[in-house]
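Peer 1: The structure follows.
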Amino acid sequence: MAKVELKQPIVEEISGYIKDAQSVVLVDYRGLTVAQDTQLRKELREANVTYKVYKNTMLTRAFAGTDFEPLSQYLEGPTAAAISADDATAAARVLGKFAKTANALEIKGGVVEGIAYDANGITAIGNIPSREVLLSKLLGSMQSPIANFARVMKQLAEKGGAEGAAAPAAEEAPAAE
């Protein structure tokens, strides 16, 4: 069996992962302990991110002709790919958080929603809260004025409503004449 025939299934596997991916982040994992690597893989799995180590030539072939082709410039040395199909910032968020505690993990670069970023850009994207957190903050800010209005209306009702508030104004009006 020729070498090309052996490599083709691996390239197809990578292509299958990146076909519907919203983001791919490449990292250099040299220097991570087994415990750190196990913890990283667990956190990525919980975030629904695929994390695999491939040969750079396989990644280069799979990235060719896709939105992820700019990542070929980062394919030097040991490389692991974190691929997220659901949440565009999940891979960057988990890797960025983990890199703060494990200095050996080096973010090389990535592509998020079709835009290529260097290590600094991926780190910045990793600081963006998740979609769920952003939605809860939005709903909280929308709910706050409504809740305040309801409290004011309740206080007015307890004091006698609008009639109680309008009565002193009516008494002052005849006195002014």
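By convention in this document, the chains of the structure tokens carry letters A, B, ... by their order, each chain's residues are numbered from 1, and ligands are numbered from 1 in the order they are shown.
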Skip stretch 58-73 of chain A itself and residues of its chain fewer than 4 positions away, then list as a list in words all residues within 6 Å of it, counting only C-alpha atoms.
Peer 2: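 My reading of the contact set: Val11, Ser15 and Gly114 of chain A.
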Peer 1: Keeping only C-alpha atoms, write the selected residues as a short mmCIF file (atom, residue, chain, number, x, y, z; two decimals), in the first residue's frame.
Peer 2:
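Okay, part_18.cif is ready:
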data_model
loop_
_atom_site.label_atom_id
_atom_site.label_comp_id
_atom_site.auth_asym_id
_atom_site.auth_seq_id
_atom_site.Cartn_x
_atom_site.Cartn_y
_atom_site.Cartn_z
CA VAL A 11 -6.73 13.86 5.81
CA SER A 15 -11.57 17.48 6.64
CA GLY A 114 -13.61 32.49 8.79
#
Peer 1: Please report, as a count of residues only, each residue of chain A to which DSSP assigns helix (DSSP H, G or I) when run on this structure's backbone.
Peer 2: 108
Peer 1: Run DSSP on the backbone of this structure and report the residues of stretch 3-176 of chain A it assigns to strand (DSSP E or B), as a list in words.
Peer 2: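 Answer for stretch 3-176 of chain A restricted to strand (DSSP E or B) is Ser23, Val24, Val25, Leu26, Val27, Asp28, Val49, Thr50, Tyr51, Lys52, Val53, Ala80, Ala81, Ala82, Ile83, Ser84, Glu106, Ile107, Lys108, Gly109, Gly110, Val111, Val112, Ile115, Ala116, Tyr117 and Asp118 of chain A.
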Peer 1: Those same residues, written as a compact mmCIF listing (two decimals), in the first residue's frame with C-alpha atoms?
Peer 2:
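And here is the file that came out, out_16.txt:
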# COMPACT_ATOMS: atom_id res chain seq x y z
CA SER A 23 -13.33 27.68 14.79
CA VAL A 24 -9.98 25.91 14.79
CA VAL A 25 -7.23 26.86 17.24
CA LEU A 26 -3.70 25.45 16.98
CA VAL A 27 -1.50 24.99 20.03
CA ASP A 28 1.98 23.76 20.88
CA VAL A 49 -14.49 20.82 21.38
CA THR A 50 -12.57 18.16 19.45
CA TYR A 51 -8.88 18.12 20.39
CA LYS A 52 -6.48 16.03 18.31
CA VAL A 53 -2.78 15.86 17.54
CA ALA A 80 -2.59 20.02 18.33
CA ALA A 81 -5.84 21.28 16.83
CA ALA A 82 -8.88 22.26 18.89
CA ILE A 83 -11.94 22.23 16.62
CA SER A 84 -15.31 23.64 17.66
CA GLU A 106 1.45 27.89 23.69
CA ILE A 107 -1.37 29.14 21.47
CA LYS A 108 -0.09 29.45 17.90
CA GLY A 109 -3.09 30.93 16.12
CA GLY A 110 -6.54 30.12 14.86
CA VAL A 111 -9.49 30.84 12.64
CA VAL A 112 -12.79 31.91 14.18
CA ILE A 115 -11.22 35.15 10.14
CA ALA A 116 -7.60 34.22 10.90
CA TYR A 117 -6.04 35.44 14.17
CA ASP A 118 -2.58 35.20 15.67
Peer 1: Might you pull out every residue within 8 Å of A:Gly96, with only C-alpha atoms counted and same-chain residues fewer than 4 positions away left off, and present them as a list in words?
Peer 2: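 The filter keeps Ala92, Lys100, Ile107, Ile122, Thr123, Gly126 and Asn127 of chain A.
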Peer 1: I'd like the neighbourhood of stretch 36-47 of chain A as a VMD selection string, where a residue qualifies if any of its atoms comes within 9 Å (using only C-alpha atoms), though same-chain residues fewer than 5 positions away should be ignored.
Peer 2: chain A and resid 29 82 84 87 90 to 91 94 to 95 98 102
Peer 1: Quick check, in Å to one decimal: how far apart do atom CA of A:Asp20 and atom CA of A:Lys3 lie?
Peer 2: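 A separation of 27.6 Å between them.
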